[in-house]
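This report refers to the structure that appears directly beneath it.
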Amino acid sequence: LSDRLSGVLDKLTKQGALSDADVSTALREVRVALLEADVSLPVARDFIKAVQEKATGQNVTKSVTPGQQVVKIVHDEMVHFLAGDDANAGQLKIDNAPAPILMVGLQGSGKTTTTAKLAKRLAERDKKRVLMASLDTNRPAAMEQLAILGTQIGVDTLPIIKGETPVQIAKRAKQQATLGGYDVYMLDTAGRLHIDQELIQQAADVRDVTKPRETLLVVDGLTGQDAVNVATEFDDKIGVSGVVLTRMDGDGRGGAALSMKAVTGKPIKFVGLGEKMDALEEFHPERIAGRILGMGDIVSLVEKAQETIEAEQAEKMMKRFVKGQFNMNDLKGQLEQMQKMGGMEGIMGMMPGMKKMAKQVEDAGFDDSVLKRQVALIQSMTKKERANPAILQASRKKRIARGAGMEVSDLNKLIKMHRQMADMMKKMGKMGKGGMMKQAMK
Ligand code: GDP
Ligand code: MG
């Protein structure tokens, strides 16, 4: 959305375009920031390159330097990239009870802690019945650890039977979850200090007997390059559905998030923010991007400048409309802009003062699929008709509707909408700057 927004705003501001040199200079600084934040070198390089192509030629918002503009573009790109395209990426698939969730990762990454945190969240927020099982047969203390956490958060754990293999435990967990009517069972696997064949094989065997709905890779968010190698290995051998970044409460900048996403393409689902059981948060791309880039001041400065211009533009347009100058051409412009901005929802909140109008139009039974047809109708009008819709009589209406391949009733709806919009803008103007218009601007 912000992409489209700045695109539109840039056109409006008619400032100079970003030159190659502007972009290169600014990106050199961004590159340093990324590396300082522990983003891996190849990922930083690729990311910079992608932004470079995108940024060059974009316009600079008034009262902002080219460098600042580039930082804002970088920031938006990073948010977009971290968020991914899948709208449900942050959700866990836990339908078809009992849903197995497999937790994998290196020793000390925070698997056991995260298993319990997630179990607590599922139990409390989602009202799920959760069973946790420790498969860490190498370290009896680790199995105890999960049991203690379970008692602490009020979530059941599978009783420990000495001498079982991880696969045997996993099978028993599945059975217990089914018989016991659990919604979810979580499998906390053993870790190693380094990835090795045995560890991978163990996780793969457990995967095969339980067919997890989610396989979450738990990674220490403060480790840089190493984390990426681990992620690649786990994903190749076991298949990962999502990532949890732990220790993001530390003072590192968390560049692993960017690397992880770039290398595995897997969604980051949660972020660990401490040792406590409620120190788990859904992943917020905005927050992490701000932290990785470490240039929050510049980003908000550019945002402010864009908002100011946005308001100025809306006001200018309003002034014209208020004088009764809102004709069919204006309506066409509005409709086309709506299309560009991703329909009604896109324009809402984006054009100050238009919020109320968009709502009215929507209430009148208008949806985005109609936009194209509306524009076609206006295109079928003559110049004179567009400038002065009052002259639209029966014969003209018939011609216009036919020309657009539609019915006169469709055209009547458009005319009605135009009239409503024009009326409303006049009204808004009459109430003066201090009145409704100001309110609508908020
Ligand atoms: P495992 O070996 O992967 O199971 O890791 P553990 O869950 O046992 O965690 C290792 C240590 O990291 C423990 O002392 C945890 O309390 C700590 N830990 C886990 N997640 C976080 C986190 O998000 N922030 C902080 N500060 N510590 C964490
Ligand atoms: Mg553990």
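Ordering of the structure tokens sets the chain letters (A, B, ...); residue numbers start at 1 within each chain; ligands are numbered from 1 in the order shown.
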
- request: Please identify every polymer residue within 8 Å of ligand 1, using only C-alpha atoms and all ligand atoms, and present the set as a PyMOL selection string.
  value: chain A and resi 104-115+142+145+188-191+218+220+245-250+271-276+279-280

message: Report as number ranges by chain all protein, DNA and RNA residues lying within 9 Å of stretch 147-163 of chain A, evaluated on only C-alpha atoms, omitting residues in the same chain fewer than 5 positions from it.
response: A: 112-113, 116-117, 119-120, 123, 129-134, 137, 140, 142, 169, 172-173, 176, 277

Mind dumping the selected residues with N, CA and C atoms as an mmCIF file, in the first residue's frame?
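Result file follows (out-v4.cif):
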data_model
loop_
_atom_site.group_PDB
_atom_site.id
_atom_site.type_symbol
_atom_site.label_atom_id
_atom_site.label_comp_id
_atom_site.auth_asym_id
_atom_site.auth_seq_id
_atom_site.Cartn_x
_atom_site.Cartn_y
_atom_site.Cartn_z
ATOM 1 N N THR A 112 12.609 -25.406 23.816
ATOM 2 C CA THR A 112 11.761 -25.830 24.932
ATOM 3 C C THR A 112 10.966 -24.649 25.480
ATOM 4 N N THR A 113 11.648 -23.545 25.654
ATOM 5 C CA THR A 113 10.986 -22.332 26.136
ATOM 6 C C THR A 113 9.860 -21.922 25.181
ATOM 7 N N ALA A 116 6.730 -24.123 25.223
ATOM 8 C CA ALA A 116 5.836 -23.807 26.345
ATOM 9 C C ALA A 116 5.119 -22.467 26.127
ATOM 10 N N LYS A 117 5.855 -21.486 25.618
ATOM 11 C CA LYS A 117 5.233 -20.174 25.363
ATOM 12 C C LYS A 117 4.081 -20.313 24.363
ATOM 13 N N ALA A 119 2.437 -23.058 23.621
ATOM 14 C CA ALA A 119 1.370 -23.872 24.211
ATOM 15 C C ALA A 119 0.473 -22.987 25.069
ATOM 16 N N LYS A 120 1.090 -22.121 25.830
ATOM 17 C CA LYS A 120 0.343 -21.208 26.706
ATOM 18 C C LYS A 120 -0.550 -20.308 25.862
ATOM 19 N N ALA A 123 -3.427 -22.237 24.396
ATOM 20 C CA ALA A 123 -4.398 -22.592 25.432
ATOM 21 C C ALA A 123 -5.199 -21.369 25.855
ATOM 22 N N ARG A 129 -6.937 -27.224 23.613
ATOM 23 C CA ARG A 129 -6.371 -28.187 24.562
ATOM 24 C C ARG A 129 -5.047 -28.656 23.993
ATOM 25 N N VAL A 130 -3.999 -28.417 24.732
ATOM 26 C CA VAL A 130 -2.652 -28.672 24.209
ATOM 27 C C VAL A 130 -1.936 -29.718 25.050
ATOM 28 N N LEU A 131 -1.223 -30.598 24.354
ATOM 29 C CA LEU A 131 -0.361 -31.577 25.012
ATOM 30 C C LEU A 131 1.068 -31.339 24.532
ATOM 31 N N MET A 132 2.007 -31.287 25.468
ATOM 32 C CA MET A 132 3.408 -31.098 25.071
ATOM 33 C C MET A 132 4.177 -32.382 25.365
ATOM 34 N N ALA A 133 5.123 -32.700 24.486
ATOM 35 C CA ALA A 133 5.966 -33.874 24.719
ATOM 36 C C ALA A 133 7.417 -33.532 24.422
ATOM 37 N N SER A 134 8.310 -33.928 25.314
ATOM 38 C CA SER A 134 9.733 -33.711 25.065
ATOM 39 C C SER A 134 10.336 -34.965 24.424
ATOM 40 N N THR A 137 15.750 -37.096 24.321
ATOM 41 C CA THR A 137 16.174 -38.264 25.094
ATOM 42 C C THR A 137 17.639 -38.182 25.517
ATOM 43 N N PRO A 140 17.984 -35.941 30.044
ATOM 44 C CA PRO A 140 16.808 -36.099 30.910
ATOM 45 C C PRO A 140 16.388 -34.774 31.529
ATOM 46 N N ALA A 142 16.304 -31.960 30.183
ATOM 47 C CA ALA A 142 15.498 -31.200 29.230
ATOM 48 C C ALA A 142 14.038 -31.650 29.273
ATOM 49 N N ILE A 169 8.339 -41.897 21.490
ATOM 50 C CA ILE A 169 7.660 -40.836 22.257
ATOM 51 C C ILE A 169 6.649 -40.104 21.365
ATOM 52 N N ARG A 172 3.590 -42.117 20.899
ATOM 53 C CA ARG A 172 2.787 -42.135 22.122
ATOM 54 C C ARG A 172 2.061 -40.789 22.291
ATOM 55 N N ALA A 173 2.749 -39.707 21.926
ATOM 56 C CA ALA A 173 2.136 -38.378 22.030
ATOM 57 C C ALA A 173 0.921 -38.285 21.110
ATOM 58 N N GLN A 176 -1.870 -40.417 22.580
ATOM 59 C CA GLN A 176 -2.407 -39.753 23.771
ATOM 60 C C GLN A 176 -3.261 -38.534 23.384
ATOM 61 N N MET A 277 7.162 -16.726 30.308
ATOM 62 C CA MET A 277 6.260 -17.511 29.479
ATOM 63 C C MET A 277 5.352 -16.675 28.574
#

- prompt: atom CA of A:Lys323 and atom CA of A:Leu377, how far apart in Å?
  reply: 24.8 Å

task: Excluding stretch 42-45 of chain A and residues on its chain fewer than 3 positions from it, collect all residues at most 9 Å away from it, counting only C-alpha atoms, and give them as JSON, numbers by chain.
output: {"A": [31, 34, 35, 39, 48, 49, 50, 258, 259, 262, 263]}

Dump as a compact mmCIF listing (two decimals), in the first residue's frame, selection limited to C-alpha atoms:
# COMPACT_ATOMS: atom_id res chain seq x y z
CA ARG A 31 24.54 -1.38 3.32
CA LEU A 34 22.51 -3.89 7.30
CA LEU A 35 25.88 -5.49 7.89
CA VAL A 39 22.32 -9.31 7.89
CA ILE A 48 20.41 -3.44 -1.92
CA LYS A 49 20.41 -4.35 -5.57
CA ALA A 50 16.67 -4.87 -5.65
CA LEU A 258 16.05 -10.56 7.00
CA SER A 259 18.62 -13.22 6.14
CA ALA A 262 15.64 -14.21 2.14
CA VAL A 263 17.29 -17.61 2.26

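Among the candidates A:Gly265, A:His418, A:Glu315, A:Asp136, the residue lying nearest to ligand 2 is A:Asp136 (atoms considered: only C-alpha atoms and all ligand atoms).
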